[in-house]
Structure formats: structure tokens, C-alpha cells
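Shown next: input_15.txt, containing compact mmCIF, N, CA and C atoms.
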```txt
# COMPACT_ATOMS: atom_id res chain seq x y z
N MET V 1 57.49 52.33 97.87
CA MET V 1 56.12 51.92 97.79
C MET V 1 55.69 51.39 99.16
N ALA V 2 54.71 51.96 99.74
CA ALA V 2 54.23 51.56 101.05
C ALA V 2 53.24 50.39 100.91
N SER V 3 53.34 49.45 101.84
CA SER V 3 52.41 48.32 101.79
C SER V 3 51.18 48.63 102.62
N ASP V 4 50.07 48.13 102.18
CA ASP V 4 48.80 48.35 102.86
C ASP V 4 48.61 47.24 103.90
N PRO V 5 48.64 47.55 105.19
CA PRO V 5 48.53 46.50 106.20
C PRO V 5 47.18 45.80 106.21
N THR V 6 46.15 46.47 105.71
CA THR V 6 44.85 45.82 105.68
C THR V 6 44.77 44.76 104.59
N LEU V 7 45.61 44.86 103.58
CA LEU V 7 45.64 43.87 102.51
C LEU V 7 46.68 42.80 102.77
N LEU V 8 47.74 43.13 103.49
CA LEU V 8 48.84 42.19 103.69
C LEU V 8 48.43 40.99 104.53
N ALA V 9 47.71 41.20 105.60
CA ALA V 9 47.35 40.09 106.50
C ALA V 9 46.49 39.03 105.81
N PRO V 10 45.44 39.38 105.08
CA PRO V 10 44.67 38.32 104.41
C PRO V 10 45.45 37.60 103.32
N VAL V 11 46.31 38.31 102.63
CA VAL V 11 47.11 37.68 101.58
C VAL V 11 48.11 36.70 102.19
N VAL V 12 48.75 37.08 103.29
CA VAL V 12 49.69 36.19 103.96
C VAL V 12 48.96 34.97 104.51
N ASN V 13 47.80 35.17 105.11
CA ASN V 13 47.03 34.05 105.63
C ASN V 13 46.57 33.11 104.51
N ALA V 14 46.17 33.67 103.38
CA ALA V 14 45.80 32.84 102.24
C ALA V 14 47.00 32.06 101.71
N GLY V 15 48.16 32.70 101.70
CA GLY V 15 49.37 32.00 101.29
C GLY V 15 49.74 30.87 102.23
N LEU V 16 49.55 31.09 103.53
CA LEU V 16 49.81 30.03 104.51
C LEU V 16 48.87 28.85 104.30
N ILE V 17 47.61 29.13 104.07
CA ILE V 17 46.63 28.05 103.86
C ILE V 17 46.95 27.30 102.57
N LEU V 18 47.27 28.02 101.51
CA LEU V 18 47.57 27.39 100.23
C LEU V 18 48.84 26.53 100.31
N ALA V 19 49.89 27.06 100.93
CA ALA V 19 51.14 26.30 101.06
C ALA V 19 50.93 25.06 101.92
N SER V 20 50.12 25.18 102.96
CA SER V 20 49.84 24.02 103.82
C SER V 20 49.06 22.95 103.06
N ALA V 21 48.07 23.36 102.29
CA ALA V 21 47.29 22.40 101.51
C ALA V 21 48.16 21.70 100.46
N LEU V 22 49.02 22.46 99.80
CA LEU V 22 49.90 21.86 98.81
C LEU V 22 50.91 20.91 99.44
N THR V 23 51.33 21.21 100.67
CA THR V 23 52.23 20.30 101.38
C THR V 23 51.53 18.98 101.68
N LEU V 24 50.26 19.04 102.07
CA LEU V 24 49.52 17.81 102.30
C LEU V 24 49.34 16.99 101.02
N LEU V 25 49.09 17.68 99.91
CA LEU V 25 48.96 16.97 98.64
C LEU V 25 50.29 16.33 98.22
N ALA V 26 51.38 17.02 98.46
CA ALA V 26 52.69 16.45 98.15
C ALA V 26 53.00 15.26 99.07
N GLY V 27 52.52 15.33 100.31
CA GLY V 27 52.67 14.19 101.21
C GLY V 27 51.95 12.96 100.70
N TYR V 28 50.80 13.16 100.11
CA TYR V 28 50.08 12.05 99.48
C TYR V 28 50.91 11.45 98.35
N ARG V 29 51.58 12.30 97.56
CA ARG V 29 52.41 11.81 96.45
C ARG V 29 53.62 11.05 96.98
N VAL V 30 54.14 11.45 98.13
CA VAL V 30 55.26 10.72 98.73
C VAL V 30 54.82 9.32 99.12
N ILE V 31 53.61 9.20 99.67
CA ILE V 31 53.13 7.90 100.12
C ILE V 31 52.70 7.02 98.94
N LYS V 32 51.96 7.57 98.01
CA LYS V 32 51.37 6.79 96.93
C LYS V 32 52.09 6.92 95.59
N GLY V 33 53.24 7.60 95.58
CA GLY V 33 53.93 7.84 94.31
C GLY V 33 54.22 6.56 93.56
N PRO V 34 53.97 6.55 92.26
CA PRO V 34 54.19 5.31 91.51
C PRO V 34 55.66 4.96 91.38
N THR V 35 56.53 5.94 91.33
CA THR V 35 57.97 5.66 91.17
C THR V 35 58.76 6.42 92.23
N VAL V 36 60.01 6.00 92.38
CA VAL V 36 60.88 6.65 93.36
C VAL V 36 61.19 8.10 92.96
N PRO V 37 61.44 8.41 91.69
CA PRO V 37 61.67 9.82 91.34
C PRO V 37 60.47 10.72 91.66
N ASP V 38 59.25 10.20 91.53
CA ASP V 38 58.07 10.98 91.92
C ASP V 38 58.11 11.30 93.40
N ARG V 39 58.52 10.35 94.19
CA ARG V 39 58.60 10.56 95.64
C ARG V 39 59.69 11.57 95.99
N VAL V 40 60.80 11.53 95.28
CA VAL V 40 61.89 12.48 95.53
C VAL V 40 61.45 13.89 95.19
N VAL V 41 60.77 14.06 94.08
CA VAL V 41 60.27 15.38 93.69
C VAL V 41 59.24 15.87 94.70
N ALA V 42 58.39 14.99 95.19
CA ALA V 42 57.39 15.37 96.19
C ALA V 42 58.07 15.79 97.50
N LEU V 43 59.13 15.10 97.90
CA LEU V 43 59.86 15.51 99.10
C LEU V 43 60.51 16.87 98.93
N ASP V 44 61.03 17.13 97.73
CA ASP V 44 61.61 18.44 97.46
C ASP V 44 60.54 19.52 97.48
N THR V 45 59.37 19.19 96.99
CA THR V 45 58.25 20.13 97.04
C THR V 45 57.83 20.43 98.47
N ILE V 46 57.81 19.41 99.30
CA ILE V 46 57.49 19.61 100.71
C ILE V 46 58.51 20.52 101.36
N ALA V 47 59.79 20.30 101.08
CA ALA V 47 60.83 21.14 101.66
C ALA V 47 60.67 22.60 101.22
N THR V 48 60.35 22.81 99.95
CA THR V 48 60.14 24.16 99.45
C THR V 48 58.93 24.81 100.10
N ASN V 49 57.86 24.03 100.27
CA ASN V 49 56.65 24.58 100.89
C ASN V 49 56.87 24.91 102.37
N VAL V 50 57.66 24.11 103.06
CA VAL V 50 57.95 24.40 104.46
C VAL V 50 58.76 25.69 104.57
N VAL V 51 59.67 25.93 103.65
CA VAL V 51 60.41 27.20 103.62
C VAL V 51 59.45 28.36 103.39
N ALA V 52 58.52 28.18 102.47
CA ALA V 52 57.53 29.24 102.20
C ALA V 52 56.65 29.49 103.41
N ILE V 53 56.26 28.42 104.10
CA ILE V 53 55.43 28.57 105.30
C ILE V 53 56.19 29.33 106.37
N ALA V 54 57.47 29.02 106.56
CA ALA V 54 58.26 29.72 107.57
C ALA V 54 58.42 31.20 107.22
N ALA V 55 58.63 31.49 105.95
CA ALA V 55 58.78 32.89 105.53
C ALA V 55 57.46 33.65 105.68
N LEU V 56 56.37 33.02 105.31
CA LEU V 56 55.07 33.68 105.46
C LEU V 56 54.71 33.86 106.94
N PHE V 57 55.10 32.90 107.77
CA PHE V 57 54.86 33.05 109.20
C PHE V 57 55.69 34.19 109.77
N ALA V 58 56.91 34.38 109.23
CA ALA V 58 57.74 35.51 109.65
C ALA V 58 57.06 36.83 109.28
N LEU V 59 56.46 36.89 108.11
CA LEU V 59 55.72 38.09 107.72
C LEU V 59 54.50 38.31 108.61
N SER V 60 53.84 37.22 108.96
CA SER V 60 52.63 37.31 109.75
C SER V 60 52.89 37.77 111.17
N THR V 61 53.96 37.26 111.78
CA THR V 61 54.25 37.58 113.17
C THR V 61 55.21 38.75 113.34
N GLY V 62 55.96 39.08 112.32
CA GLY V 62 56.95 40.14 112.42
C GLY V 62 58.24 39.71 113.09
N GLU V 63 58.41 38.41 113.32
CA GLU V 63 59.62 37.88 113.94
C GLU V 63 60.66 37.57 112.87
N GLY V 64 61.83 38.17 113.00
CA GLY V 64 62.89 37.94 112.04
C GLY V 64 63.56 36.59 112.18
N LEU V 65 63.36 35.95 113.32
CA LEU V 65 63.97 34.64 113.55
C LEU V 65 63.47 33.61 112.55
N PHE V 66 62.22 33.72 112.13
CA PHE V 66 61.66 32.75 111.21
C PHE V 66 62.26 32.87 109.81
N VAL V 67 62.81 34.02 109.48
CA VAL V 67 63.52 34.16 108.21
C VAL V 67 64.79 33.33 108.25
N THR V 68 65.50 33.38 109.38
CA THR V 68 66.70 32.56 109.54
C THR V 68 66.34 31.08 109.51
N VAL V 69 65.24 30.72 110.15
CA VAL V 69 64.78 29.33 110.13
C VAL V 69 64.48 28.89 108.70
N SER V 70 63.85 29.75 107.93
CA SER V 70 63.53 29.38 106.55
C SER V 70 64.80 29.21 105.70
N LEU V 71 65.81 30.03 105.95
CA LEU V 71 67.07 29.86 105.22
C LEU V 71 67.76 28.55 105.57
N VAL V 72 67.77 28.22 106.84
CA VAL V 72 68.37 26.95 107.27
C VAL V 72 67.60 25.77 106.68
N LEU V 73 66.28 25.85 106.70
CA LEU V 73 65.47 24.78 106.11
C LEU V 73 65.71 24.65 104.61
N ALA V 74 65.92 25.76 103.93
CA ALA V 74 66.20 25.72 102.49
C ALA V 74 67.53 25.01 102.22
N ILE V 75 68.53 25.30 103.03
CA ILE V 75 69.83 24.65 102.85
C ILE V 75 69.72 23.15 103.13
N ILE V 76 69.04 22.79 104.22
CA ILE V 76 68.88 21.37 104.55
C ILE V 76 68.07 20.65 103.46
N GLY V 77 67.02 21.29 102.97
CA GLY V 77 66.22 20.69 101.90
C GLY V 77 67.02 20.47 100.63
N PHE V 78 67.87 21.42 100.29
CA PHE V 78 68.69 21.28 99.08
C PHE V 78 69.69 20.14 99.24
N ILE V 79 70.36 20.08 100.37
CA ILE V 79 71.35 19.03 100.59
C ILE V 79 70.69 17.66 100.63
N SER V 80 69.53 17.56 101.26
CA SER V 80 68.86 16.26 101.31
C SER V 80 68.36 15.83 99.94
N THR V 81 67.92 16.76 99.12
CA THR V 81 67.49 16.42 97.76
C THR V 81 68.66 15.90 96.94
N ILE V 82 69.80 16.54 97.07
CA ILE V 82 70.99 16.08 96.36
C ILE V 82 71.39 14.68 96.83
N ALA V 83 71.35 14.45 98.15
CA ALA V 83 71.74 13.15 98.69
C ALA V 83 70.79 12.05 98.23
N VAL V 84 69.49 12.30 98.27
CA VAL V 84 68.52 11.28 97.87
C VAL V 84 68.62 11.01 96.38
N SER V 85 68.79 12.06 95.57
CA SER V 85 68.91 11.83 94.13
C SER V 85 70.19 11.08 93.79
N GLN V 86 71.27 11.35 94.52
CA GLN V 86 72.52 10.61 94.32
C GLN V 86 72.31 9.13 94.68
N PHE V 87 71.59 8.89 95.75
CA PHE V 87 71.33 7.50 96.16
C PHE V 87 70.44 6.78 95.16
N VAL V 88 69.44 7.48 94.62
CA VAL V 88 68.54 6.84 93.66
C VAL V 88 69.25 6.52 92.36
N THR V 89 70.10 7.42 91.88
CA THR V 89 70.74 7.20 90.59
C THR V 89 71.92 6.23 90.67
N GLU V 90 72.69 6.29 91.76
CA GLU V 90 73.90 5.47 91.82
C GLU V 90 73.86 4.40 92.89
N GLY V 91 72.93 4.44 93.81
CA GLY V 91 72.84 3.44 94.86
C GLY V 91 73.78 3.69 96.01
N ASP V 92 74.52 4.80 95.97
CA ASP V 92 75.46 5.12 97.03
C ASP V 92 75.56 6.65 97.14
N ILE V 93 75.65 7.16 98.35
CA ILE V 93 75.71 8.59 98.53
C ILE V 93 77.14 9.09 98.43
N ILE V 94 78.05 8.42 99.12
CA ILE V 94 79.46 8.83 99.11
C ILE V 94 80.24 7.79 98.33
N GLU V 95 80.98 8.27 97.34
CA GLU V 95 81.73 7.33 96.50
C GLU V 95 83.05 6.99 97.13
```

Hey, can you dump this file as C-alpha cells for me?
Amino acid sequence: MASDPTLLAPVVNAGLILASALTLLAGYRVIKGPTVPDRVVALDTIATNVVAIAALFALSTGEGLFVTVSLVLAIIGFISTIAVSQFVTEGDIIE
């Protein structure tokens, strides 16, 4: 299935704008979150959105390096979410 380049660019740009706006909204939840678990979920959402932004930017520019960057960011986001959730539930990261 061939992709239509005239349709791909606006869709990728719309995705970049949407992911950026959602990242800002999640940032608000990190600052004003009523509980610590809300803040942890918002940080995980920000990490996921940053991965999406990097992947969409890779599509937009055609640079494969940004795909590698998005994979590294996904791994770092996952590990940091695990560490923060471990700290919130048990008060210590390493037992």
C-alpha cells in the first residue's frame, strides 16, 4: 500500500501539535495533581508523549536517528516510572 505524501505531512503535523498540547496538559497535572499517584501517571504520560513526538518528528524529517532517540526515551521513561512507583509505594527504590 503506497502512502500519499500530500496527506502524510498534514497528518504528521497535526499529530505533533496534538501530542505537544497533551504534554502541556499533563504538565499541568504534574504541578497541580491532587495526589502523588496522579503526578506519577502524568509523568508517565509526558514520557509517552515525548516518544510520540520524537517518532512523528522522525516521520516529518525523514531522519532515522530520531527513531533511535524515541526508543531510548521509551526505555528511560519506563525505568523511571518503575523507580518512582517503587518509591511511592515502599518509600525506597533499592531494597

task = Output as a VMD selection string all residues of chain V that backbone DSSP marks as helix (DSSP H, G or I).
result = chain V and resid 5 to 32 36 to 61 65 to 90

request  = Extract, using only N, CA and C atoms, all DNA, RNA and protein residues at most 8 Å from Val50 in chain V, discarding same-chain residues fewer than 4 positions from it, and format them as an MDAnalysis selection string.
outcome  = chainID V and resid 19:20 23 44:46 54:56 69:70 73:74

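CA of Asn13 in chain V sits 28.1 Å away from CA of Val40 in chain V.
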
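Between CA of Ser60 in chain V and CA of Leu16 in chain V lies a distance of 9.4 Å.
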
ask   = With all atoms listed in the file as the basis for distance, which of V:Glu90, V:Arg39, V:Val12, V:Ala83 is at the shortest distance from Leu59 in chain V?
value =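 When distances to Leu59 in chain V are compared using all atoms listed in the file, the smallest one comes from V:Val12.
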
request  = Rank nothing, just name the residue among V:Ala47, V:Ile31, V:Ile53, V:Asp38 nearest to Ile17 in chain V, using all atoms listed in the file.
outcome  =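 Of V:Ala47, V:Ile31, V:Ile53, V:Asp38, the one nearest Ile17 in chain V, counting all atoms listed in the file, is V:Ile53.
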
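Between Ala14 in chain V and the residues V:Pro37, V:Ile82, V:Val51, V:Phe57, the shortest atom-to-atom distance, using only C-alpha atoms, involves V:Phe57.
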
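Between CA of Val41 in chain V and CA of Ile76 in chain V lies a distance of 15.1 Å.
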
query = Of the candidates V:Leu25, V:Ala58, V:Val36, V:Leu43, which one gets nearest to Gly77 in chain V if we count only N, CA and C atoms?
reply =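 Of V:Leu25, V:Ala58, V:Val36, V:Leu43, the one nearest Gly77 in chain V, counting only N, CA and C atoms, is V:Leu43.
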